[in-house]
Every structure is written in structure tokens, then in C-alpha cells.
file start39.txt (compact mmCIF, N, CA and C atoms)
# COMPACT_ATOMS: atom_id res chain seq x y z
N MET A 1 171.44 -87.15 -113.73
CA MET A 1 171.06 -86.32 -112.59
C MET A 1 171.44 -84.87 -112.92
N PRO A 2 170.55 -83.91 -112.70
CA PRO A 2 170.87 -82.50 -112.97
C PRO A 2 172.02 -82.03 -112.09
N GLU A 3 172.80 -81.07 -112.63
CA GLU A 3 173.97 -80.57 -111.90
C GLU A 3 173.60 -80.05 -110.51
N ALA A 4 172.48 -79.35 -110.36
CA ALA A 4 172.09 -78.78 -109.08
C ALA A 4 171.87 -79.86 -108.02
N ALA A 5 171.40 -81.04 -108.42
CA ALA A 5 171.14 -82.10 -107.47
C ALA A 5 172.42 -82.65 -106.84
N ALA A 6 173.55 -82.52 -107.52
CA ALA A 6 174.81 -83.04 -107.02
C ALA A 6 175.48 -82.10 -106.02
N ARG A 7 174.94 -80.92 -105.87
CA ARG A 7 175.55 -79.93 -104.98
C ARG A 7 174.87 -79.93 -103.62
N SER A 8 175.56 -79.40 -102.61
CA SER A 8 175.02 -79.34 -101.25
C SER A 8 175.02 -77.91 -100.75
N ALA A 9 174.10 -77.62 -99.87
CA ALA A 9 174.07 -76.32 -99.21
C ALA A 9 175.27 -76.20 -98.28
N ALA A 10 175.62 -74.98 -97.93
CA ALA A 10 176.77 -74.76 -97.03
C ALA A 10 176.48 -73.58 -96.12
N LEU A 11 176.98 -73.65 -94.92
CA LEU A 11 176.97 -72.53 -93.98
C LEU A 11 178.42 -72.12 -93.79
N LEU A 12 178.74 -70.90 -94.11
CA LEU A 12 180.12 -70.41 -94.02
C LEU A 12 180.22 -69.40 -92.88
N ARG A 13 181.24 -69.54 -92.07
CA ARG A 13 181.45 -68.64 -90.94
C ARG A 13 182.75 -67.86 -91.19
N PRO A 14 182.62 -66.57 -91.55
CA PRO A 14 183.82 -65.78 -91.85
C PRO A 14 184.86 -65.81 -90.73
N SER A 15 184.41 -65.89 -89.49
CA SER A 15 185.34 -65.90 -88.36
C SER A 15 186.20 -67.16 -88.33
N GLU A 16 185.81 -68.18 -89.09
CA GLU A 16 186.55 -69.44 -89.12
C GLU A 16 187.33 -69.63 -90.43
N ILE A 17 187.32 -68.63 -91.30
CA ILE A 17 188.01 -68.72 -92.59
C ILE A 17 189.23 -67.81 -92.57
N THR A 18 190.37 -68.33 -92.98
CA THR A 18 191.61 -67.56 -92.98
C THR A 18 191.55 -66.46 -94.05
N ALA A 19 191.80 -65.23 -93.63
CA ALA A 19 191.86 -64.10 -94.57
C ALA A 19 193.13 -64.19 -95.39
N ARG A 20 193.04 -63.77 -96.64
CA ARG A 20 194.17 -63.78 -97.57
C ARG A 20 194.66 -62.36 -97.82
N ALA A 21 195.96 -62.13 -97.69
CA ALA A 21 196.54 -60.81 -97.91
C ALA A 21 196.36 -60.39 -99.36
N ARG A 22 195.91 -59.14 -99.56
CA ARG A 22 195.74 -58.60 -100.90
C ARG A 22 196.76 -57.52 -101.20
N GLY A 23 197.51 -57.10 -100.19
CA GLY A 23 198.44 -55.99 -100.35
C GLY A 23 197.74 -54.67 -100.08
N GLY A 24 198.52 -53.65 -99.77
CA GLY A 24 197.97 -52.32 -99.54
C GLY A 24 197.11 -52.21 -98.30
N GLY A 25 197.24 -53.15 -97.36
CA GLY A 25 196.45 -53.09 -96.14
C GLY A 25 195.08 -53.72 -96.26
N ALA A 26 194.86 -54.56 -97.27
CA ALA A 26 193.58 -55.23 -97.46
C ALA A 26 193.75 -56.74 -97.36
N ARG A 27 192.77 -57.40 -96.76
CA ARG A 27 192.73 -58.85 -96.63
C ARG A 27 191.35 -59.34 -97.07
N THR A 28 191.30 -60.48 -97.74
CA THR A 28 190.04 -61.00 -98.24
C THR A 28 189.72 -62.35 -97.62
N ILE A 29 188.44 -62.52 -97.29
CA ILE A 29 187.92 -63.80 -96.82
C ILE A 29 187.00 -64.33 -97.92
N PRO A 30 187.45 -65.34 -98.67
CA PRO A 30 186.57 -65.92 -99.69
C PRO A 30 185.42 -66.66 -99.01
N LEU A 31 184.21 -66.49 -99.50
CA LEU A 31 183.05 -67.17 -98.93
C LEU A 31 182.50 -68.18 -99.93
N VAL A 32 181.45 -67.81 -100.65
CA VAL A 32 180.87 -68.72 -101.64
C VAL A 32 181.75 -68.66 -102.89
N THR A 33 182.44 -69.76 -103.18
CA THR A 33 183.35 -69.85 -104.32
C THR A 33 183.11 -71.18 -105.03
N ARG A 34 183.89 -71.43 -106.06
CA ARG A 34 183.78 -72.71 -106.77
C ARG A 34 183.91 -73.89 -105.82
N LYS A 35 184.73 -73.72 -104.77
CA LYS A 35 184.93 -74.82 -103.81
C LYS A 35 183.65 -75.22 -103.10
N THR A 36 182.69 -74.30 -103.00
CA THR A 36 181.42 -74.64 -102.35
C THR A 36 180.42 -75.21 -103.34
N GLY A 37 180.77 -75.21 -104.63
CA GLY A 37 179.91 -75.80 -105.64
C GLY A 37 179.03 -74.82 -106.38
N VAL A 38 179.21 -73.53 -106.14
CA VAL A 38 178.38 -72.52 -106.79
C VAL A 38 178.66 -72.49 -108.30
N ILE A 39 177.64 -72.16 -109.09
CA ILE A 39 177.83 -72.10 -110.53
C ILE A 39 177.46 -70.75 -111.14
N GLY A 40 176.88 -69.83 -110.35
CA GLY A 40 176.39 -68.59 -110.94
C GLY A 40 177.04 -67.31 -110.45
N PHE A 41 177.73 -67.33 -109.30
CA PHE A 41 178.31 -66.12 -108.72
C PHE A 41 179.33 -66.54 -107.68
N ILE A 42 180.12 -65.59 -107.19
CA ILE A 42 180.99 -65.82 -106.03
C ILE A 42 180.91 -64.59 -105.13
N ASN A 43 181.26 -64.76 -103.85
CA ASN A 43 181.28 -63.61 -102.95
C ASN A 43 182.32 -63.79 -101.86
N GLY A 44 182.53 -62.71 -101.12
CA GLY A 44 183.49 -62.73 -100.02
C GLY A 44 183.50 -61.39 -99.32
N ILE A 45 184.37 -61.29 -98.35
CA ILE A 45 184.51 -60.07 -97.54
C ILE A 45 185.94 -59.58 -97.67
N THR A 46 186.11 -58.28 -97.85
CA THR A 46 187.45 -57.69 -97.82
C THR A 46 187.50 -56.73 -96.66
N ILE A 47 188.58 -56.84 -95.88
CA ILE A 47 188.81 -56.02 -94.69
C ILE A 47 189.95 -55.06 -95.00
N PHE A 48 189.72 -53.79 -94.73
CA PHE A 48 190.71 -52.74 -95.00
C PHE A 48 191.23 -52.17 -93.68
N GLU A 49 192.53 -52.08 -93.56
CA GLU A 49 193.14 -51.40 -92.43
C GLU A 49 192.86 -49.90 -92.55
N PRO A 50 193.09 -49.11 -91.48
CA PRO A 50 192.91 -47.66 -91.59
C PRO A 50 193.68 -47.09 -92.78
N SER A 51 193.04 -46.23 -93.53
CA SER A 51 193.59 -45.53 -94.72
C SER A 51 193.95 -46.45 -95.88
N ALA A 52 193.63 -47.72 -95.81
CA ALA A 52 193.99 -48.66 -96.88
C ALA A 52 193.08 -48.48 -98.09
N SER A 53 193.61 -48.88 -99.23
CA SER A 53 192.82 -48.88 -100.46
C SER A 53 193.33 -49.99 -101.36
N ILE A 54 192.55 -50.30 -102.36
CA ILE A 54 192.99 -51.25 -103.37
C ILE A 54 193.16 -50.48 -104.67
N PRO A 55 194.00 -50.97 -105.57
CA PRO A 55 194.25 -50.23 -106.81
C PRO A 55 193.01 -50.15 -107.70
N LEU A 56 192.98 -49.15 -108.54
CA LEU A 56 191.93 -49.02 -109.54
C LEU A 56 191.97 -50.26 -110.43
N HIS A 57 190.81 -50.91 -110.61
CA HIS A 57 190.75 -52.16 -111.35
C HIS A 57 189.38 -52.33 -111.99
N SER A 58 189.25 -53.38 -112.80
CA SER A 58 187.96 -53.73 -113.40
C SER A 58 187.82 -55.25 -113.37
N HIS A 59 186.60 -55.70 -113.63
CA HIS A 59 186.33 -57.14 -113.66
C HIS A 59 185.68 -57.50 -114.99
N ASN A 60 185.71 -58.77 -115.33
CA ASN A 60 185.09 -59.27 -116.56
C ASN A 60 183.61 -59.58 -116.39
N CYS A 61 183.04 -59.22 -115.22
CA CYS A 61 181.63 -59.49 -114.94
C CYS A 61 181.09 -58.38 -114.04
N ASP A 62 179.78 -58.34 -113.88
CA ASP A 62 179.17 -57.38 -112.98
C ASP A 62 179.59 -57.66 -111.54
N GLU A 63 179.58 -56.59 -110.72
CA GLU A 63 179.92 -56.72 -109.31
C GLU A 63 178.99 -55.85 -108.48
N SER A 64 178.67 -56.31 -107.29
CA SER A 64 177.97 -55.51 -106.31
C SER A 64 178.78 -55.53 -105.02
N VAL A 65 178.90 -54.37 -104.38
CA VAL A 65 179.64 -54.26 -103.13
C VAL A 65 178.76 -53.55 -102.11
N MET A 66 178.69 -54.12 -100.90
CA MET A 66 177.99 -53.47 -99.79
C MET A 66 179.00 -53.15 -98.70
N LEU A 67 178.98 -51.92 -98.20
CA LEU A 67 179.83 -51.55 -97.08
C LEU A 67 179.20 -52.10 -95.81
N LEU A 68 179.92 -52.98 -95.12
CA LEU A 68 179.44 -53.59 -93.89
C LEU A 68 179.81 -52.77 -92.67
N GLU A 69 181.05 -52.27 -92.64
CA GLU A 69 181.55 -51.51 -91.48
C GLU A 69 182.47 -50.41 -91.96
N GLY A 70 182.50 -49.30 -91.23
CA GLY A 70 183.42 -48.23 -91.52
C GLY A 70 182.85 -47.19 -92.46
N HIS A 71 183.75 -46.40 -93.02
CA HIS A 71 183.38 -45.29 -93.91
C HIS A 71 184.33 -45.36 -95.10
N ALA A 72 183.76 -45.35 -96.30
CA ALA A 72 184.56 -45.58 -97.50
C ALA A 72 184.35 -44.50 -98.54
N ILE A 73 185.25 -44.50 -99.48
CA ILE A 73 185.08 -43.79 -100.73
C ILE A 73 185.05 -44.85 -101.81
N ALA A 74 184.01 -44.83 -102.62
CA ALA A 74 183.94 -45.70 -103.78
C ALA A 74 184.28 -44.83 -104.98
N GLU A 75 185.36 -45.17 -105.67
CA GLU A 75 185.73 -44.49 -106.90
C GLU A 75 185.27 -45.38 -108.05
N ILE A 76 184.30 -44.88 -108.81
CA ILE A 76 183.69 -45.67 -109.89
C ILE A 76 183.71 -44.85 -111.16
N ASP A 77 184.42 -45.33 -112.15
CA ASP A 77 184.49 -44.67 -113.46
C ASP A 77 184.85 -43.19 -113.33
N GLY A 78 185.83 -42.89 -112.45
CA GLY A 78 186.33 -41.53 -112.31
C GLY A 78 185.55 -40.65 -111.34
N GLN A 79 184.44 -41.11 -110.80
CA GLN A 79 183.68 -40.35 -109.82
C GLN A 79 183.90 -40.94 -108.43
N ARG A 80 183.92 -40.06 -107.43
CA ARG A 80 184.10 -40.51 -106.05
C ARG A 80 182.81 -40.29 -105.27
N PHE A 81 182.44 -41.31 -104.50
CA PHE A 81 181.22 -41.27 -103.70
C PHE A 81 181.57 -41.65 -102.27
N GLU A 82 181.04 -40.89 -101.28
CA GLU A 82 181.18 -41.29 -99.89
C GLU A 82 180.18 -42.40 -99.63
N VAL A 83 180.64 -43.44 -98.94
CA VAL A 83 179.82 -44.63 -98.72
C VAL A 83 179.73 -44.89 -97.22
N GLU A 84 178.51 -45.13 -96.75
CA GLU A 84 178.24 -45.43 -95.34
C GLU A 84 177.78 -46.87 -95.22
N PRO A 85 177.85 -47.47 -94.01
CA PRO A 85 177.41 -48.85 -93.84
C PRO A 85 175.99 -49.07 -94.38
N GLY A 86 175.84 -50.14 -95.13
CA GLY A 86 174.57 -50.48 -95.75
C GLY A 86 174.47 -50.02 -97.19
N ASP A 87 175.23 -48.98 -97.57
CA ASP A 87 175.22 -48.52 -98.96
C ASP A 87 175.76 -49.64 -99.84
N THR A 88 175.14 -49.79 -101.01
CA THR A 88 175.47 -50.88 -101.92
C THR A 88 175.68 -50.35 -103.33
N THR A 89 176.72 -50.83 -103.99
CA THR A 89 177.02 -50.40 -105.35
C THR A 89 176.67 -51.51 -106.34
N PHE A 90 176.40 -51.11 -107.56
CA PHE A 90 176.35 -52.01 -108.70
C PHE A 90 177.38 -51.48 -109.68
N ILE A 91 178.31 -52.33 -110.09
CA ILE A 91 179.38 -51.92 -110.99
C ILE A 91 179.36 -52.85 -112.20
N PRO A 92 178.99 -52.33 -113.38
CA PRO A 92 178.97 -53.17 -114.58
C PRO A 92 180.37 -53.69 -114.93
N ALA A 93 180.40 -54.78 -115.65
CA ALA A 93 181.67 -55.37 -116.10
C ALA A 93 182.52 -54.33 -116.82
N ASN A 94 183.83 -54.43 -116.63
CA ASN A 94 184.86 -53.62 -117.31
C ASN A 94 184.88 -52.15 -116.92
N LEU A 95 184.18 -51.75 -115.87
CA LEU A 95 184.18 -50.36 -115.43
C LEU A 95 185.24 -50.19 -114.34
N PRO A 96 186.20 -49.27 -114.50
CA PRO A 96 187.25 -49.07 -113.48
C PRO A 96 186.65 -48.58 -112.16
N HIS A 97 187.15 -49.16 -111.06
CA HIS A 97 186.66 -48.77 -109.74
C HIS A 97 187.65 -49.21 -108.66
N ARG A 98 187.43 -48.70 -107.46
CA ARG A 98 188.18 -49.13 -106.29
C ARG A 98 187.48 -48.61 -105.05
N PHE A 99 187.89 -49.15 -103.90
CA PHE A 99 187.36 -48.72 -102.62
C PHE A 99 188.51 -48.26 -101.73
N ILE A 100 188.25 -47.19 -100.99
CA ILE A 100 189.26 -46.56 -100.15
C ILE A 100 188.68 -46.40 -98.76
N ASN A 101 189.44 -46.76 -97.74
CA ASN A 101 189.01 -46.53 -96.36
C ASN A 101 189.21 -45.05 -96.04
N ARG A 102 188.12 -44.34 -95.72
CA ARG A 102 188.18 -42.90 -95.41
C ARG A 102 188.81 -42.62 -94.06
N SER A 103 188.87 -43.59 -93.18
CA SER A 103 189.36 -43.36 -91.81
C SER A 103 190.84 -43.70 -91.69
N ASP A 104 191.55 -42.87 -90.94
CA ASP A 104 192.95 -43.20 -90.65
C ASP A 104 193.09 -43.83 -89.27
N THR A 105 191.94 -44.15 -88.62
CA THR A 105 191.99 -44.78 -87.29
C THR A 105 191.15 -46.05 -87.19
N GLU A 106 190.18 -46.23 -88.07
CA GLU A 106 189.28 -47.38 -87.97
C GLU A 106 189.34 -48.23 -89.24
N GLY A 107 189.08 -49.52 -89.08
CA GLY A 107 189.03 -50.42 -90.21
C GLY A 107 187.74 -50.25 -91.00
N MET A 108 187.66 -50.96 -92.10
CA MET A 108 186.50 -50.92 -92.98
C MET A 108 186.30 -52.33 -93.52
N LYS A 109 185.06 -52.70 -93.81
CA LYS A 109 184.78 -54.06 -94.29
C LYS A 109 183.69 -54.00 -95.37
N ILE A 110 183.94 -54.70 -96.49
CA ILE A 110 182.96 -54.77 -97.56
C ILE A 110 182.60 -56.22 -97.87
N LEU A 111 181.37 -56.41 -98.33
CA LEU A 111 180.92 -57.68 -98.89
C LEU A 111 180.84 -57.48 -100.39
N TRP A 112 181.52 -58.33 -101.15
CA TRP A 112 181.48 -58.24 -102.61
C TRP A 112 180.86 -59.48 -103.21
N ILE A 113 180.18 -59.26 -104.34
CA ILE A 113 179.54 -60.34 -105.08
C ILE A 113 179.87 -60.14 -106.55
N TYR A 114 180.48 -61.15 -107.17
CA TYR A 114 180.76 -61.13 -108.61
C TYR A 114 179.72 -61.99 -109.32
N GLY A 115 179.27 -61.55 -110.48
CA GLY A 115 178.23 -62.23 -111.22
C GLY A 115 178.70 -63.41 -112.05
N ALA A 116 179.90 -63.93 -111.78
CA ALA A 116 180.41 -65.09 -112.51
C ALA A 116 181.44 -65.83 -111.65
N VAL A 117 181.46 -67.15 -111.76
CA VAL A 117 182.45 -67.92 -110.99
C VAL A 117 183.85 -67.77 -111.56
N ASP A 118 183.97 -67.38 -112.82
CA ASP A 118 185.29 -67.21 -113.43
C ASP A 118 185.71 -65.74 -113.46
N ALA A 119 185.30 -64.99 -112.46
CA ALA A 119 185.61 -63.56 -112.38
C ALA A 119 187.12 -63.32 -112.39
N THR A 120 187.51 -62.22 -113.05
CA THR A 120 188.91 -61.79 -113.06
C THR A 120 189.00 -60.36 -112.57
N ARG A 121 190.20 -59.96 -112.18
CA ARG A 121 190.49 -58.57 -111.81
C ARG A 121 191.64 -58.11 -112.70
N THR A 122 191.46 -56.97 -113.35
CA THR A 122 192.52 -56.36 -114.14
C THR A 122 192.91 -55.05 -113.49
N ILE A 123 194.18 -54.92 -113.10
CA ILE A 123 194.68 -53.68 -112.51
C ILE A 123 194.85 -52.67 -113.64
N ILE A 124 194.21 -51.52 -113.52
CA ILE A 124 194.19 -50.53 -114.60
C ILE A 124 195.60 -50.03 -114.91
N GLU A 125 196.39 -49.72 -113.90
CA GLU A 125 197.72 -49.14 -114.10
C GLU A 125 198.66 -50.07 -114.86
N THR A 126 198.60 -51.37 -114.57
CA THR A 126 199.57 -52.31 -115.14
C THR A 126 198.99 -53.21 -116.23
N GLY A 127 197.67 -53.37 -116.25
CA GLY A 127 197.05 -54.29 -117.19
C GLY A 127 197.11 -55.74 -116.73
N ASP A 128 197.71 -55.98 -115.55
CA ASP A 128 197.82 -57.34 -115.02
C ASP A 128 196.42 -57.89 -114.73
N THR A 129 196.12 -59.07 -115.26
CA THR A 129 194.82 -59.72 -115.05
C THR A 129 195.03 -61.05 -114.36
N ARG A 130 194.25 -61.27 -113.30
CA ARG A 130 194.29 -62.54 -112.56
C ARG A 130 192.87 -62.96 -112.24
N THR A 131 192.69 -64.26 -112.12
CA THR A 131 191.38 -64.73 -111.68
C THR A 131 191.22 -64.48 -110.19
N ILE A 132 190.00 -64.33 -109.76
CA ILE A 132 189.73 -64.17 -108.34
C ILE A 132 190.17 -65.44 -107.60
N ASP A 133 190.03 -66.60 -108.24
CA ASP A 133 190.51 -67.85 -107.65
C ASP A 133 192.01 -67.75 -107.34
N GLU A 134 192.80 -67.17 -108.24
CA GLU A 134 194.25 -67.01 -108.00
C GLU A 134 194.50 -66.14 -106.77
N GLU A 135 193.73 -65.07 -106.62
CA GLU A 135 193.91 -64.19 -105.46
C GLU A 135 193.64 -64.93 -104.17
N HIS A 136 192.70 -65.86 -104.20
CA HIS A 136 192.37 -66.61 -102.98
C HIS A 136 193.47 -67.58 -102.59
N GLN A 137 194.42 -67.82 -103.50
CA GLN A 137 195.55 -68.69 -103.19
C GLN A 137 196.71 -67.93 -102.55
N ALA A 138 196.56 -66.61 -102.39
CA ALA A 138 197.62 -65.79 -101.78
C ALA A 138 197.89 -66.26 -100.36
N ALA A 139 199.00 -65.80 -99.81
CA ALA A 139 199.40 -66.20 -98.46
C ALA A 139 198.38 -65.72 -97.43
N PRO A 140 198.09 -66.54 -96.41
CA PRO A 140 197.19 -66.11 -95.34
C PRO A 140 197.74 -64.87 -94.65
N ALA A 141 196.82 -64.02 -94.22
CA ALA A 141 197.24 -62.79 -93.52
C ALA A 141 197.37 -63.04 -92.04

call {"tool": "encode", "arguments": {"input": "start39.txt", "output": "C-alpha cells"}}
result
Amino acid sequence: MPEAAARSAALLRPSEITARARGGGARTIPLVTRKTGVIGFINGITIFEPSASIPLHSHNCDESVMLLEGHAIAEIDGQRFEVEPGDTTFIPANLPHRFINRSDTEGMKILWIYGAVDATRTIIETGDTRTIDEEHQAAPA
């Protein structure tokens, strides 16, 4: 039997999934992951508190990020871009980037999609590399 036939469709409700603390005022809700049976990509939502940001990092695969709510700065390969809801980025593998909440009073929310189920994140400052799966095991927020 082909691998695709053994898998099932899923409906995921972010409001029913526990967010995982990422540090720095960011929490992630994993959505389509290996646990759902996906074989080609993973995705999720990251919620940023006012003025929160995540460290400059890179991934071992391509990534796309869409700003769902709020106002952000996307820092990609040393350039900063103001991002409004609906704006979408494409970030090639191994390119340093991060997202920053521009507001000191309102939250911000992004949808991210990695082009591989074995995606990793490498923090540029420290060189620390972890799988995205490991991050999803962090303590609930």
C-alpha cells in the first residue's frame, strides 16, 4: 500500500492546541507536524507579546511566513522590512532572519511553513541547533 494511503486528513483548531513557550515573549502553536502524518512540510502559528522578538536564526530548509495579525519587522539577511497583515515572506534555507513585533501595546501573530518535516533552527549568535520537533516539546505557555 502506498505511504499516502495510510495517512488520514486532519482538521486542526489552533484555539484547542496548547501553545509552547519559545522565550522572549513568543509562544508557538504547532499545527501540521509529523504527528499528523505529513511527509513534505510542517507549519504552525507563533504569537508574539508586545515588543517581543525571536533571535536571529536560520533553518536547514526553505521557510515562508505570513503575518496574520499585528505589525512586524522582518529582518532577513541583514535587511529590515516593515510587514503588515497578509504580507508573506519566502526565506531560502540557511539565510539568517527573525521577526520582531513593532508594537509595544499589541500582540502579533505569524503563520510559518517549513519545507521539510525535519526542519531545524540554528541560533546565529550561539550556533545552537535544534529540531523544530524539539521546540514543540517545550513547556506549555

call {"tool": "atom_distance", "arguments": {"input": "start39.txt", "atom1": "atom C of Ser53 of chain A", "atom2": "atom CA of Thr88 of chain A"}}
result
17.9 Å

call {"tool": "residues_around", "arguments": {"input": "start39.txt", "residues": "Asp62 of chain A", "least_positions_apart": "6", "cutoff": "8 Å", "atoms": "only N, CA and C atoms", "output": "ChimeraX atom specification"}}
result
/A:90-94,113-116,119

call {"tool": "closest_atom_pairs", "arguments": {"input": "start39.txt", "of": "segment 68-138 of chain A", "to": "segment 30-35 of chain A", "cutoff": "8 Å", "atoms": "only N, CA and C atoms", "output": "CSV"}}
result
residue,atom,partner,partner_atom,distance
A:Val117,CA,A:Arg34,N,6.2
A:Asp118,N,A:Arg34,N,7.9
A:Asp133,CA,A:Arg34,N,7.7
A:His136,CA,A:Pro30,N,6.7

call {"tool": "closest_residue", "arguments": {"input": "start39.txt", "among": "A:Arg102, A:His71, A:Arg121, A:Arg27", "to": "Glu84 of chain A", "atoms": "only N, CA and C atoms"}}
result
A:His71

call {"tool": "residues_around", "arguments": {"input": "start39.txt", "residues": "Thr122 of chain A", "least_positions_apart": "5", "cutoff": "8 Å", "atoms": "only C-alpha atoms", "output": "ChimeraX atom specification"}}
result
/A:57-59,127-130

call {"tool": "write_last_selection", "arguments": {"input": "start39.txt", "atoms": "N, CA and C atoms", "output": "CSV table (one decimal), keeping the file's coordinate frame"}}
result
chain,number,residue,atom,x,y,z
A,57,HIS,N,190.8,-50.9,-110.6
A,57,HIS,CA,190.8,-52.2,-111.4
A,57,HIS,C,189.4,-52.3,-112.0
A,58,SER,N,189.2,-53.4,-112.8
A,58,SER,CA,188.0,-53.7,-113.4
A,58,SER,C,187.8,-55.2,-113.4
A,59,HIS,N,186.6,-55.7,-113.6
A,59,HIS,CA,186.3,-57.1,-113.7
A,59,HIS,C,185.7,-57.5,-115.0
A,127,GLY,N,197.7,-53.4,-116.2
A,127,GLY,CA,197.0,-54.3,-117.2
A,127,GLY,C,197.1,-55.7,-116.7
A,128,ASP,N,197.7,-56.0,-115.6
A,128,ASP,CA,197.8,-57.3,-115.0
A,128,ASP,C,196.4,-57.9,-114.7
A,129,THR,N,196.1,-59.1,-115.3
A,129,THR,CA,194.8,-59.7,-115.0
A,129,THR,C,195.0,-61.0,-114.4
A,130,ARG,N,194.2,-61.3,-113.3
A,130,ARG,CA,194.3,-62.5,-112.6
A,130,ARG,C,192.9,-63.0,-112.2

call {"tool": "closest_residue", "arguments": {"input": "start39.txt", "among": "A:Ala6, A:Ile45, A:Ile73, A:Pro96", "to": "Ile124 of chain A", "atoms": "all atoms listed in the file"}}
result
A:Pro96

call {"tool": "closest_residue", "arguments": {"input": "start39.txt", "among": "A:Arg22, A:Phe99, A:Pro14, A:Thr120", "to": "Cys61 of chain A", "atoms": "only N, CA and C atoms"}}
result
A:Thr120

call {"tool": "atom_distance", "arguments": {"input": "start39.txt", "atom1": "atom CA of Thr28 of chain A", "atom2": "atom CA of Arg7 of chain A"}}
result
24.8 Å

call {"tool": "select_by_dssp", "arguments": {"input": "start39.txt", "residues": "chain A", "states": "strand (DSSP E or B)", "output": "PyMOL selection string"}}
result
chain A and resi 20-23+26-30+42-48+53+57-59+63-69+72-76+79-83+88-91+97-101+108-114+120-123+129-131+140

call {"tool": "atom_distance", "arguments": {"input": "start39.txt", "atom1": "atom CA of Ile123 of chain A", "atom2": "atom CA of Thr105 of chain A"}}
result
26.9 Å

call {"tool": "closest_residue", "arguments": {"input": "start39.txt", "among": "A:Lys109, A:Thr89, A:Glu125, A:Ile29", "to": "Ile17 of chain A", "atoms": "only C-alpha atoms"}}
result
A:Ile29

call {"tool": "decode", "arguments": {"input": "start39.txt", "residues": "segment 48-69 of chain A", "atoms": "N, CA and C atoms", "output": "PDB file, in the first residue's frame"}}
result
ATOM      1  N   PHE A  48       3.386  36.613  19.337  1.00  0.00           N
ATOM      2  CA  PHE A  48       4.375  37.492  19.961  1.00  0.00           C
ATOM      3  C   PHE A  48       3.665  38.480  20.885  1.00  0.00           C
ATOM      4  N   GLU A  49       4.154  38.601  22.094  1.00  0.00           N
ATOM      5  CA  GLU A  49       3.678  39.629  23.003  1.00  0.00           C
ATOM      6  C   GLU A  49       4.143  40.995  22.489  1.00  0.00           C
ATOM      7  N   PRO A  50       3.584  42.108  23.013  1.00  0.00           N
ATOM      8  CA  PRO A  50       4.065  43.431  22.592  1.00  0.00           C
ATOM      9  C   PRO A  50       5.590  43.539  22.725  1.00  0.00           C
ATOM     10  N   SER A  51       6.219  44.089  21.708  1.00  0.00           N
ATOM     11  CA  SER A  51       7.682  44.320  21.629  1.00  0.00           C
ATOM     12  C   SER A  51       8.521  43.047  21.614  1.00  0.00           C
ATOM     13  N   ALA A  52       7.914  41.886  21.535  1.00  0.00           N
ATOM     14  CA  ALA A  52       8.672  40.626  21.564  1.00  0.00           C
ATOM     15  C   ALA A  52       9.368  40.382  20.226  1.00  0.00           C
ATOM     16  N   SER A  53      10.425  39.605  20.300  1.00  0.00           N
ATOM     17  CA  SER A  53      11.117  39.174  19.085  1.00  0.00           C
ATOM     18  C   SER A  53      11.746  37.816  19.346  1.00  0.00           C
ATOM     19  N   ILE A  54      12.149  37.176  18.277  1.00  0.00           N
ATOM     20  CA  ILE A  54      12.889  35.930  18.407  1.00  0.00           C
ATOM     21  C   ILE A  54      14.303  36.192  17.912  1.00  0.00           C
ATOM     22  N   PRO A  55      15.271  35.418  18.376  1.00  0.00           N
ATOM     23  CA  PRO A  55      16.664  35.673  17.989  1.00  0.00           C
ATOM     24  C   PRO A  55      16.904  35.437  16.499  1.00  0.00           C
ATOM     25  N   LEU A  56      17.916  36.082  15.982  1.00  0.00           N
ATOM     26  CA  LEU A  56      18.350  35.861  14.615  1.00  0.00           C
ATOM     27  C   LEU A  56      18.721  34.382  14.472  1.00  0.00           C
ATOM     28  N   HIS A  57      18.167  33.726  13.445  1.00  0.00           N
ATOM     29  CA  HIS A  57      18.362  32.291  13.272  1.00  0.00           C
ATOM     30  C   HIS A  57      18.264  31.918  11.797  1.00  0.00           C
ATOM     31  N   SER A  58      18.555  30.651  11.505  1.00  0.00           N
ATOM     32  CA  SER A  58      18.385  30.120  10.152  1.00  0.00           C
ATOM     33  C   SER A  58      17.823  28.709  10.260  1.00  0.00           C
ATOM     34  N   HIS A  59      17.370  28.199   9.122  1.00  0.00           N
ATOM     35  CA  HIS A  59      16.816  26.846   9.069  1.00  0.00           C
ATOM     36  C   HIS A  59      17.538  26.045   7.995  1.00  0.00           C
ATOM     37  N   ASN A  60      17.437  24.740   8.069  1.00  0.00           N
ATOM     38  CA  ASN A  60      18.044  23.844   7.091  1.00  0.00           C
ATOM     39  C   ASN A  60      17.162  23.622   5.864  1.00  0.00           C
ATOM     40  N   CYS A  61      16.050  24.376   5.778  1.00  0.00           N
ATOM     41  CA  CYS A  61      15.113  24.228   4.661  1.00  0.00           C
ATOM     42  C   CYS A  61      14.476  25.586   4.377  1.00  0.00           C
ATOM     43  N   ASP A  62      13.789  25.684   3.253  1.00  0.00           N
ATOM     44  CA  ASP A  62      13.071  26.909   2.930  1.00  0.00           C
ATOM     45  C   ASP A  62      11.946  27.149   3.930  1.00  0.00           C
ATOM     46  N   GLU A  63      11.597  28.434   4.096  1.00  0.00           N
ATOM     47  CA  GLU A  63      10.507  28.812   5.001  1.00  0.00           C
ATOM     48  C   GLU A  63       9.688  29.923   4.366  1.00  0.00           C
ATOM     49  N   SER A  64       8.397  29.909   4.636  1.00  0.00           N
ATOM     50  CA  SER A  64       7.524  31.014   4.278  1.00  0.00           C
ATOM     51  C   SER A  64       6.784  31.434   5.540  1.00  0.00           C
ATOM     52  N   VAL A  65       6.664  32.748   5.736  1.00  0.00           N
ATOM     53  CA  VAL A  65       5.967  33.290   6.901  1.00  0.00           C
ATOM     54  C   VAL A  65       4.951  34.315   6.415  1.00  0.00           C
ATOM     55  N   MET A  66       3.717  34.210   6.929  1.00  0.00           N
ATOM     56  CA  MET A  66       2.680  35.209   6.650  1.00  0.00           C
ATOM     57  C   MET A  66       2.307  35.882   7.960  1.00  0.00           C
ATOM     58  N   LEU A  67       2.268  37.214   7.962  1.00  0.00           N
ATOM     59  CA  LEU A  67       1.807  37.944   9.135  1.00  0.00           C
ATOM     60  C   LEU A  67       0.288  37.881   9.164  1.00  0.00           C
ATOM     61  N   LEU A  68      -0.266  37.295  10.219  1.00  0.00           N
ATOM     62  CA  LEU A  68      -1.705  37.163  10.371  1.00  0.00           C
ATOM     63  C   LEU A  68      -2.312  38.360  11.088  1.00  0.00           C
ATOM     64  N   GLU A  69      -1.645  38.822  12.140  1.00  0.00           N
ATOM     65  CA  GLU A  69      -2.158  39.937  12.955  1.00  0.00           C
ATOM     66  C   GLU A  69      -1.005  40.790  13.426  1.00  0.00           C
TER      67      GLU A  69
END
